[in-house]
file work.cif (mmCIF, C-alpha atoms)
data_target
loop_
_atom_site.label_atom_id
_atom_site.label_comp_id
_atom_site.auth_asym_id
_atom_site.auth_seq_id
_atom_site.Cartn_x
_atom_site.Cartn_y
_atom_site.Cartn_z
CA MET A 876 88.60 122.01 74.67
CA LYS A 877 87.09 118.56 74.77
CA LYS A 878 84.06 118.32 76.99
CA ILE A 879 84.00 115.80 79.80
CA SER A 880 81.10 113.38 79.53
CA VAL A 881 78.94 112.67 82.54
CA LEU A 882 76.30 109.96 82.94
CA VAL A 883 73.67 110.97 85.48
CA VAL A 884 72.03 108.05 87.29
CA ASP A 885 69.00 109.18 89.27
CA ASP A 886 65.34 108.16 89.32
CA SER A 887 64.19 111.58 90.47
CA MET A 888 63.28 114.02 87.74
CA VAL A 889 64.00 116.92 90.08
CA SER A 890 67.52 115.69 90.90
CA ARG A 891 68.28 115.17 87.22
CA ALA A 892 67.12 118.72 86.50
CA VAL A 893 69.27 120.11 89.33
CA ILE A 894 72.39 118.36 88.01
CA LYS A 895 71.59 119.44 84.46
CA ALA A 896 71.30 123.06 85.57
CA ALA A 897 74.53 122.84 87.56
CA LEU A 898 76.48 121.51 84.59
CA SER A 899 74.99 123.77 81.93
CA GLY A 900 77.50 126.19 80.44
CA THR A 901 80.46 124.30 81.91
CA ASN A 902 83.03 122.02 80.39
CA PHE A 903 81.06 119.02 81.61
CA GLU A 904 78.47 117.55 79.30
CA ILE A 905 75.71 115.17 80.28
CA CYS A 906 75.87 112.36 77.72
CA ASP A 907 72.74 110.65 79.02
CA TYR A 908 70.54 109.89 82.00
CA ALA A 909 69.66 106.55 83.58
CA GLU A 910 66.65 106.10 85.82
CA ASN A 911 67.51 102.69 87.21
CA GLY A 912 70.44 100.38 87.79
CA MET A 913 69.93 98.23 84.70
CA GLU A 914 69.78 101.25 82.45
CA ALA A 915 72.88 102.72 84.14
CA ILE A 916 74.94 99.61 83.44
CA GLU A 917 73.78 99.39 79.83
CA LYS A 918 74.41 103.08 79.17
CA TYR A 919 77.79 103.02 80.90
CA GLY A 920 78.88 100.14 78.66
CA ALA A 921 77.59 101.84 75.51
CA LEU A 922 78.70 105.42 76.18
CA GLN A 923 81.83 104.97 78.33
CA PRO A 924 81.37 108.30 80.12
CA GLU A 925 84.29 109.80 81.99
CA VAL A 926 82.29 110.42 85.15
CA VAL A 927 79.12 108.93 86.63
CA THR A 928 76.94 110.60 89.24
CA MET A 929 75.09 107.91 91.14
CA ASP A 930 72.01 108.12 93.31
CA MET A 931 71.81 105.71 96.25
CA ASN A 932 68.20 104.60 95.97
CA LEU A 933 67.27 103.30 92.56
CA PRO A 934 64.05 101.40 91.80
CA ASP A 935 65.77 98.12 90.96
CA ALA A 936 69.07 98.30 92.90
CA ASN A 937 71.02 100.45 95.28
CA GLY A 938 73.73 102.81 94.06
CA ILE A 939 76.50 100.78 95.64
CA GLU A 940 75.50 97.54 93.89
CA CYS A 941 75.13 99.41 90.64
CA SER A 942 78.56 101.07 91.08
CA LYS A 943 80.09 97.69 91.82
CA MET A 944 78.85 96.37 88.48
CA ILE A 945 80.14 99.42 86.62
CA LEU A 946 83.52 99.10 88.34
CA ALA A 947 83.60 95.42 87.37
CA MET A 948 83.33 96.54 83.72
CA ASN A 949 85.90 99.29 84.19
CA PRO A 950 87.91 99.36 87.43
CA ALA A 951 89.03 102.92 86.60
CA ALA A 952 85.44 104.21 86.39
CA LYS A 953 85.01 107.48 88.24
CA ILE A 954 81.81 107.44 90.23
CA ILE A 955 80.49 110.18 92.48
CA MET A 956 77.67 109.20 94.76
CA ILE A 957 75.04 111.88 95.29
CA SER A 958 72.48 110.80 97.83
CA ALA A 959 70.15 112.13 100.50
CA MET A 960 72.04 110.17 103.13
CA LYS A 961 75.75 110.49 103.75
CA ASP A 962 76.69 108.57 106.84
CA HIS A 963 79.80 106.70 107.90
CA ASN A 964 78.36 103.35 107.04
CA LEU A 965 77.39 104.34 103.54
CA ILE A 966 80.78 105.97 102.91
CA ALA A 967 82.64 102.93 104.19
CA GLN A 968 80.60 100.59 101.99
CA GLY A 969 80.89 102.84 98.96
CA ARG A 970 84.59 103.32 99.39
CA SER A 971 85.17 99.60 99.67
CA VAL A 972 83.67 99.05 96.21
CA GLY A 973 85.69 101.93 94.69
CA ILE A 974 83.39 104.97 94.63
CA CYS A 975 85.56 108.10 94.39
CA SER A 976 83.57 110.69 96.24
CA PHE A 977 80.32 111.35 98.08
CA LEU A 978 78.02 114.36 98.00
CA GLN A 979 74.82 114.97 99.88
CA LYS A 980 71.55 116.25 98.37
CA PRO A 981 70.75 119.06 97.87
CA VAL A 982 74.09 119.39 96.17
CA LYS A 983 75.58 122.84 95.75
CA THR A 984 76.61 123.68 92.19
CA GLN A 985 80.14 124.66 93.13
CA ASP A 986 80.67 121.48 95.19
CA LEU A 987 79.49 119.35 92.30
CA LEU A 988 81.72 121.12 89.76
CA ASP A 989 84.76 120.98 92.07
CA THR A 990 84.20 117.31 92.78
CA ILE A 991 83.79 116.32 89.13
CA TRP A 992 86.85 118.35 88.24
CA LEU A 993 88.90 116.73 91.00
CA VAL A 994 87.94 113.18 90.13
CA CYS A 995 88.92 113.87 86.51
CA GLN A 996 92.50 114.71 87.43
CA LYS A 997 95.19 112.10 87.00
CA ASP A 998 95.11 109.58 89.83
CA SER A 999 92.52 111.85 91.28
CA CYS A 1000 90.26 109.13 92.55
CA ASN A 1001 93.02 108.26 94.94
CA VAL A 1002 93.76 111.89 95.82
CA LYS A 1003 90.10 112.70 96.27
CA SER A 1004 89.41 109.67 98.37
CA LEU A 1005 92.48 110.28 100.55
CA GLN A 1006 91.37 113.87 100.99
CA ASP A 1007 87.79 112.95 101.84
CA PHE A 1008 88.43 110.04 104.13
CA TYR A 1009 91.85 110.60 105.64
CA VAL A 1010 92.66 114.30 105.46
CA LYS A 1011 89.34 115.80 106.50
CA PRO A 1012 89.40 114.04 109.89
CA PHE A 1013 92.81 115.60 110.57
CA ALA A 1014 91.49 119.04 109.60
CA LYS A 1015 88.68 118.51 112.08
CA GLY A 1016 91.17 117.25 114.68
CA LEU A 1017 93.30 120.37 114.18
CA ARG A 1018 90.40 122.80 114.51
CA LYS A 1019 88.91 121.11 117.55
CA GLY A 1020 92.29 120.46 119.13
CA LEU A 1021 93.38 124.11 118.89
CA PHE A 1022 90.10 125.15 120.44
CA SER A 1023 90.06 122.67 123.29
CA LEU A 1024 93.78 123.02 124.13
CA ALA A 1025 94.28 126.76 123.83
CA GLY A 1026 90.82 128.24 123.27
CA LEU A 1027 91.76 129.14 119.70
CA GLU A 1028 89.13 129.72 117.05
CA SER A 1029 90.48 128.99 113.60
CA LYS A 1030 89.77 129.05 109.90
CA VAL A 1031 91.00 125.84 108.37
CA HIS A 1032 92.03 125.43 104.76
CA THR A 1033 93.20 122.22 103.06
CA GLU A 1034 95.11 121.73 99.80
CA VAL A 1035 97.22 119.12 98.04
CA ASN A 1036 100.91 119.83 98.67
CA LYS A 1037 102.49 120.44 95.29
CA GLU A 1038 105.92 121.38 96.65
CA ALA A 1039 108.80 118.92 96.81
CA PHE A 1040 109.22 119.65 100.50
CA VAL A 1041 107.58 121.11 103.59
CA GLU A 1042 109.47 124.17 104.78
CA ILE A 1043 109.99 124.44 108.52
CA ASP A 1044 110.92 127.58 110.36
CA GLY A 1045 110.46 127.14 114.09
CA ILE A 1046 109.20 123.80 115.31
CA ALA A 1047 107.89 120.64 113.63
CA VAL A 1048 106.53 117.64 115.46
CA ILE A 1049 106.58 114.53 113.28
CA ILE A 1050 104.29 111.66 114.18
CA GLY A 1051 104.29 108.46 112.14
CA LEU A 1052 101.07 106.81 110.98
CA THR A 1053 101.03 103.04 110.83
CA GLY A 1054 98.36 100.62 109.63
CA ASP A 1055 96.50 101.29 106.41
CA PRO A 1056 97.48 103.70 104.89
CA VAL A 1057 101.02 104.21 106.19
CA GLY A 1058 102.22 107.78 106.44
CA ARG A 1059 103.30 110.61 108.65
CA ALA A 1060 101.84 113.79 110.07
CA ILE A 1061 103.81 116.98 110.75
CA LEU A 1062 102.44 119.74 112.96
CA HIS A 1063 104.54 122.86 112.44
CA MET A 1064 104.54 126.54 113.28
CA ASP A 1065 106.95 129.44 113.61
CA THR A 1066 108.67 130.33 116.87
CA ASP A 1067 106.32 133.17 117.68
CA ALA A 1068 103.17 131.07 117.24
CA MET A 1069 104.79 128.25 119.20
CA GLN A 1070 105.59 130.53 122.15
CA LYS A 1071 102.14 132.11 122.22
CA PHE A 1072 100.39 128.78 121.80
CA SER A 1073 102.34 127.29 124.65
CA GLU A 1074 101.56 130.26 126.93
CA SER A 1075 97.91 129.94 126.10
CA MET A 1076 97.85 126.17 126.56
CA LEU A 1077 99.68 126.35 129.89
CA ASN A 1078 97.65 129.35 131.05
CA LYS A 1079 100.63 131.66 131.38
CA THR A 1080 100.34 135.38 131.00
CA MET A 1081 102.56 137.33 128.63
CA GLY A 1082 106.03 137.89 129.97
CA GLU A 1083 105.85 135.06 132.48
CA GLU A 1084 108.94 132.90 132.14
CA LEU A 1085 108.36 129.62 130.35
CA ALA A 1086 111.21 127.13 130.02
CA ALA A 1087 112.11 126.16 126.47
CA GLU A 1088 111.52 122.53 127.35
CA ALA A 1089 108.00 123.25 128.55
CA VAL A 1090 107.27 125.06 125.29
CA THR A 1091 108.46 122.14 123.20
CA ALA A 1092 106.68 119.63 125.41
CA SER A 1093 103.38 121.48 125.11
CA VAL A 1094 103.59 121.54 121.29
CA GLU A 1095 104.46 117.82 121.28
CA GLU A 1096 101.50 117.06 123.50
CA ALA A 1097 99.24 119.17 121.28
CA ALA A 1098 100.47 117.31 118.18
CA ASN A 1099 99.84 114.01 119.89
CA ILE A 1100 96.29 115.01 120.79
CA ILE A 1101 95.44 116.61 117.44
CA ILE A 1102 96.86 113.81 115.30
CA GLY A 1103 95.52 111.17 117.68
CA ARG A 1104 92.07 112.69 117.35
CA GLY A 1105 92.30 112.58 113.55
CA VAL A 1106 93.31 108.92 113.62
CA SER A 1107 90.46 108.07 116.02
CA LEU A 1108 87.96 109.71 113.66
CA ILE A 1109 89.33 107.60 110.79
CA ASN A 1110 89.24 104.41 112.85
CA ASP A 1111 85.62 105.15 113.79
CA VAL A 1112 84.69 105.01 110.10
CA PHE A 1113 87.01 102.27 108.90
CA LYS A 1114 86.90 99.74 111.65
CA ASP A 1115 89.17 97.33 109.77
CA LYS A 1116 92.04 99.79 109.19
CA GLU A 1117 93.34 100.21 112.71
CA MET A 1118 95.63 103.16 112.12
CA ARG A 1119 98.05 103.93 114.94
CA ILE A 1120 100.39 106.78 115.75
CA THR A 1121 104.06 106.54 116.72
CA PRO A 1122 105.69 108.68 119.44
CA PRO A 1123 106.57 112.22 118.36
CA GLY A 1124 109.93 113.25 116.94
CA THR A 1125 110.57 116.98 117.12
CA ILE A 1126 112.66 119.22 114.91
CA CYS A 1127 113.65 122.75 115.87
CA GLY A 1128 115.56 125.20 113.73
CA HIS A 1129 115.31 127.48 110.76
CA LYS A 1130 115.15 126.88 107.05
CA ILE A 1131 114.70 123.13 107.38
CA ARG A 1132 113.13 121.24 104.54
CA ILE A 1133 111.27 118.02 105.10
CA ALA A 1134 111.25 116.20 101.79
CA ASN A 1135 108.02 115.08 100.24
CA ALA A 1136 109.84 112.08 98.75
CA LYS A 1137 107.63 109.07 98.05
CA VAL A 1138 104.62 110.57 99.77
CA LEU A 1139 101.43 112.18 98.57
CA SER A 1140 100.84 114.96 101.05
CA PHE A 1141 98.23 117.53 101.98
CA ASN A 1142 98.62 120.85 103.77
CA ILE A 1143 96.05 121.81 106.36
CA VAL A 1144 96.47 125.38 107.59
CA ALA A 1145 94.60 126.77 110.59
CA MET A 1146 94.65 130.55 110.78
CA THR A 1147 94.22 131.85 114.31
CA ARG A 1148 94.76 135.06 116.26
CA LEU A 1149 98.11 133.63 117.46
CA GLY A 1150 99.37 132.82 113.98
CA GLU A 1151 99.24 129.91 111.56
CA PHE A 1152 99.29 126.29 112.67
CA LYS A 1153 100.09 123.91 109.86
CA LEU A 1154 99.53 120.22 109.62
CA ASN A 1155 101.03 118.27 106.73
CA ILE A 1156 99.60 114.79 106.27
CA GLY A 1157 101.58 112.50 103.96
CA PHE A 1158 100.73 109.01 102.75
CA ALA A 1159 103.24 106.59 101.30
CA GLU A 1160 102.97 106.32 97.55
CA GLY A 1161 102.88 102.81 96.15
CA ASP A 1162 105.92 101.65 94.23
CA MET B 511 115.89 101.96 127.37
CA ASP B 512 116.88 98.33 127.04
CA ALA B 513 120.20 98.07 125.17
CA LYS B 514 119.26 94.74 123.60
CA LEU B 515 116.70 96.58 121.48
CA VAL B 516 119.54 98.29 119.62
CA ASN B 517 120.87 95.10 118.06
CA PRO B 518 117.97 94.63 115.63
CA PHE B 519 118.82 98.06 114.15
CA ILE B 520 122.56 97.39 113.91
CA ASP B 521 121.90 93.94 112.44
CA ALA B 522 119.55 95.48 109.89
CA PHE B 523 122.24 97.97 108.86
CA THR B 524 124.94 95.33 108.46
CA ALA B 525 122.55 92.99 106.59
CA ILE B 526 120.91 95.50 104.24
CA MET B 527 123.71 97.89 103.30
CA PRO B 528 125.82 95.23 101.48
CA GLN B 529 122.73 94.30 99.47
CA ILE B 530 122.49 97.85 98.13
CA GLY B 531 126.12 98.20 97.20
CA PHE B 532 128.12 98.97 100.37
CA GLN B 533 130.82 96.49 101.26
CA ASP B 534 132.84 98.13 103.99
CA ILE B 535 130.71 98.53 107.12
CA LYS B 536 132.00 98.91 110.67
CA ARG B 537 130.47 99.88 113.98
CA THR B 538 132.70 102.59 115.41
CA GLY B 539 130.93 103.63 118.58
CA ILE B 540 127.87 103.44 120.77
CA THR B 541 126.89 106.03 123.36
CA VAL B 542 123.97 106.90 125.57
CA LYS B 543 122.72 110.37 124.82
CA GLU B 544 119.98 112.53 126.20
CA ARG B 545 117.75 115.17 124.80
CA SER B 546 118.28 116.36 121.29
CA VAL B 547 120.32 115.06 118.42
CA GLU B 548 122.25 117.74 116.56
CA SER B 549 121.51 117.06 112.90
CA LEU B 550 124.56 116.47 110.73
CA GLY B 551 122.65 118.01 107.83
CA VAL B 552 120.32 115.22 106.75
CA THR B 553 118.21 113.39 109.31
CA VAL B 554 115.65 110.74 108.48
CA LEU B 555 113.10 109.99 111.13
CA VAL B 556 111.06 106.78 111.17
CA GLY B 557 108.54 106.06 113.91
CA PHE B 558 107.41 102.64 115.11
CA THR B 559 104.65 101.37 117.31
CA LYS B 560 102.72 98.30 118.55
CA ALA B 561 104.48 96.08 121.14
CA ILE B 562 107.26 98.65 121.44
CA LYS B 563 107.07 102.30 120.54
CA GLY B 564 109.71 104.77 119.57
CA ASN B 565 111.69 106.49 116.88
CA VAL B 566 114.83 105.86 114.93
CA ALA B 567 116.81 108.66 113.33
CA TYR B 568 119.40 108.10 110.60
CA ASN B 569 121.67 111.09 110.83
CA MET B 570 124.32 111.96 108.25
CA SER B 571 125.98 114.84 106.43
CA GLU B 572 124.71 115.96 103.07
CA ASP B 573 127.88 114.60 101.47
CA THR B 574 127.26 111.20 102.98
CA ALA B 575 123.63 111.29 101.82
CA LYS B 576 124.81 112.06 98.28
CA PHE B 577 127.40 109.28 98.46
CA ILE B 578 124.73 106.80 99.61
CA ALA B 579 122.27 107.89 96.93
CA SER B 580 124.95 107.65 94.25
CA THR B 581 126.03 104.16 95.36
CA MET B 582 122.44 102.98 95.49
CA MET B 583 121.93 104.27 91.96
CA MET B 584 124.85 102.21 90.61
CA GLY B 585 127.39 105.02 90.87
CA MET B 586 125.35 107.62 89.06
CA PRO B 587 126.80 111.04 89.94
CA VAL B 588 124.70 112.91 92.51
CA ALA B 589 125.55 116.60 92.56
CA SER B 590 122.72 117.73 94.80
CA LEU B 591 120.23 116.08 97.10
CA ASP B 592 117.46 116.27 94.52
CA ASP B 593 114.17 114.37 94.39
CA MET B 594 115.78 111.20 93.10
CA ALA B 595 118.52 111.25 95.74
CA GLN B 596 115.95 111.93 98.46
CA SER B 597 113.89 108.99 97.20
CA ALA B 598 116.95 106.77 97.47
CA ILE B 599 117.64 107.88 101.06
CA SER B 600 113.98 107.43 101.93
CA GLU B 601 114.04 103.95 100.41
CA MET B 602 117.17 103.01 102.33
CA SER B 603 115.69 104.20 105.64
CA ASN B 604 112.51 102.30 104.92
CA MET B 605 114.40 99.09 104.13
CA LEU B 606 116.60 99.41 107.22
CA THR B 607 113.72 100.05 109.58
CA ALA B 608 111.49 97.38 108.04
CA ASN B 609 114.32 94.88 108.45
CA ALA B 610 114.87 96.01 112.06
CA ALA B 611 111.14 95.55 112.64
CA THR B 612 111.38 91.99 111.30
CA ASN B 613 114.27 91.38 113.71
CA LEU B 614 112.19 92.81 116.57
CA VAL B 615 109.30 90.49 115.68
CA ALA B 616 111.72 87.56 115.89
CA MET B 617 112.50 88.72 119.45
CA GLY B 618 108.81 88.72 120.25
CA TYR B 619 108.06 92.41 119.70
CA GLU B 620 105.42 93.00 117.07
CA THR B 621 106.35 96.33 115.38
CA ASP B 622 104.76 98.51 112.69
CA ILE B 623 106.77 101.30 111.08
CA SER B 624 105.77 104.67 109.63
CA THR B 625 106.84 106.40 106.42
CA PRO B 626 110.31 108.00 106.67
CA SER B 627 110.55 111.79 106.97
CA ILE B 628 113.77 113.27 105.56
CA SER B 629 114.76 116.63 106.99
CA VAL B 630 117.48 118.71 105.41
CA GLY B 631 118.97 121.91 106.80
CA GLU B 632 122.14 123.60 107.93
CA THR B 633 121.57 123.70 111.66
CA PHE B 634 118.73 122.05 113.46
CA VAL B 635 118.12 119.73 116.36
CA VAL B 636 115.96 116.64 116.47
CA LYS B 637 114.38 115.32 119.62
CA ILE B 638 113.41 111.67 119.42
CA SER B 639 112.64 111.00 123.06
CA SER B 640 112.13 112.82 126.32
CA GLU B 641 114.48 110.36 127.96
CA ASN B 642 117.84 108.79 127.12
CA TYR B 643 118.43 107.21 123.78
CA LEU B 644 121.22 105.19 122.23
CA SER B 645 123.39 106.50 119.49
CA VAL B 646 125.35 104.09 117.29
CA ARG B 647 127.99 105.33 114.89
CA MET B 648 128.51 103.27 111.79
CA ASP B 649 131.32 103.71 109.33
CA LEU B 650 130.20 103.19 105.77
CA CYS B 651 133.16 103.13 103.37
CA GLY B 652 134.72 106.09 105.21
CA HIS B 653 131.41 107.95 105.71
CA THR B 654 129.65 108.18 109.07
CA VAL B 655 126.01 107.32 109.60
CA GLU B 656 124.70 107.85 113.10
CA ILE B 657 121.72 105.71 114.09
CA ASP B 658 119.82 107.14 117.05
CA ILE B 659 117.32 104.80 118.62
CA ALA B 660 114.76 105.73 121.24
CA VAL B 661 112.31 103.19 122.63
CA GLN B 662 109.66 104.23 125.12
#
call {"tool": "encode", "arguments": {"input": "work.cif", "output": "structure tokens"}}
result
Amino acid sequence: MKKISVLVVDDSMVSRAVIKAALSGTNFEICDYAENGMEAIEKYGALQPEVVTMDMNLPDANGIECSKMILAMNPAAKIIMISAMKDHNLIAQGRSVGICSFLQKPVKTQDLLDTIWLVCQKDSCNVKSLQDFYVKPFAKGLRKGLFSLAGLESKVHTEVNKEAFVEIDGIAVIIGLTGDPVGRAILHMDTDAMQKFSESMLNKTMGEELAAEAVTASVEEAANIIIGRGVSLINDVFKDKEMRITPPGTICGHKIRIANAKVLSFNIVAMTRLGEFKLNIGFAEGD
Amino acid sequence: MDAKLVNPFIDAFTAIMPQIGFQDIKRTGITVKERSVESLGVTVLVGFTKAIKGNVAYNMSEDTAKFIASTMMMGMPVASLDDMAQSAISEMSNMLTANAATNLVAMGYETDISTPSISVGETFVVKISSENYLSVRMDLCGHTVEIDIAVQ
């Protein structure tokens, strides 16, 4: 199997050693190191590595400027920024020049390997950046929303949806996402989880009668709050995007399939004591 | 909801469908409905927001969806509602709603639309509004497409 070449740009000997240790014995091979921006640009041009790890503070430039010059040479360059700081401002700036992913020092070996692997996949820069910047806020919105609305603790797991559809059995609340990127979010759960969630949200005890309409309305409201929270988190970072949500549309029934046509979507699953709450976030694929 | 907001959707349908291969288009009915729409088998939901907010649902049977997909693909036979057929239906819904949004802008309502969501199933209901909504039935070469429009 062909090894994947990595150029490590970092002025710290310790950081270079950490990355070297993390990649030793893997399918990733460090082709060279660069200690400053000028060297990074020269070595990128000469070696054409598949992936670059980039430090933020270099003696002669910052990592974003250096990445910008590399991306000018090759717009498809896959750059992972590894820096001591990882704040909204830095991410927004880095993303605007085309950096794929961001990791914070000290970087965990597994995180580094996963990230390099992900950015090496086809169209992965896009997938990885959507996941980092647009899906994670929804995962956070789901976890916090379930807790604040119904006191539910949850374990949240996110993955790229590889199925051609999202299977619904119970209820699905679909909320459109407008702005940049355009998409849609679907909060769905089975009937049992829906009923229990609604009871918990409306403070009803088991067995107390709850009208079907109230159950649906509470799930719609929850979807609105959870998805709205995710969008607010995104807008906080990307102040120029101005994403908005549309009113909810709700689907109830069994064995319904919502097609994944023309969207790249992600499944976020929150496991709770009342059952699984699933959020599918889909973004329109370019033509 | 204001009935005049329905016209941009009907106009979009009558303007766009001939461009993608459908010649015989008639409006056969318009009714006020409340609560949920019973899906005819395939329901595409598109949300919109900005100056006006709401949802539009394009509701049709699976046979009609296959007929539309086939016509859009220059008469290519469509045996099942596969990925390609779903893409065609998604594309149609996107074109229709984008055109309706342009018509709404011309009326002074700035509107942004979401990505279409196509749902397929034997029996399910779709709720697009907690209040009344308008349902327009269009005849498309002998097939029925129901357009349900809810504006908040």
call {"tool": "resolve_selection", "arguments": {"input": "work.cif", "expression": "the PyMOL selection byres ((chain A) within 6 of (chain B))", "output": "PyMOL selection string"}}
result
chain A and resi 1051-1053+1057-1059+1121-1122+1124-1128+1131-1134+1136
call {"tool": "atom_distance", "arguments": {"input": "work.cif", "atom1": "CA of Ile578 (chain B)", "atom2": "CA of Leu591 (chain B)"}}
result
10.6 Å
call {"tool": "atom_distance", "arguments": {"input": "work.cif", "atom1": "CA of Trp992 (chain A)", "atom2": "CA of Val1031 (chain A)"}}
result
21.9 Å
call {"tool": "closest_residue", "arguments": {"input": "work.cif", "among": "B:Leu606, B:Val588, B:Leu650, B:Ala616", "to": "Gly531 (chain B)", "atoms": "only C-alpha atoms"}}
result
B:Leu650
call {"tool": "residues_near_point", "arguments": {"input": "work.cif", "point": "(85.1, 104.7, 110.3)", "cutoff": "10 Å", "atoms": "all atoms listed in the file", "output": "list in words"}}
result
Asp962, His963, Asn964, Ile966, Ala967, Phe1008, Val1106, Ser1107, Leu1108, Ile1109, Asn1110, Asp1111, Val1112, Phe1113, Lys1114, Asp1115, Lys1116 and Glu1117 of chain A
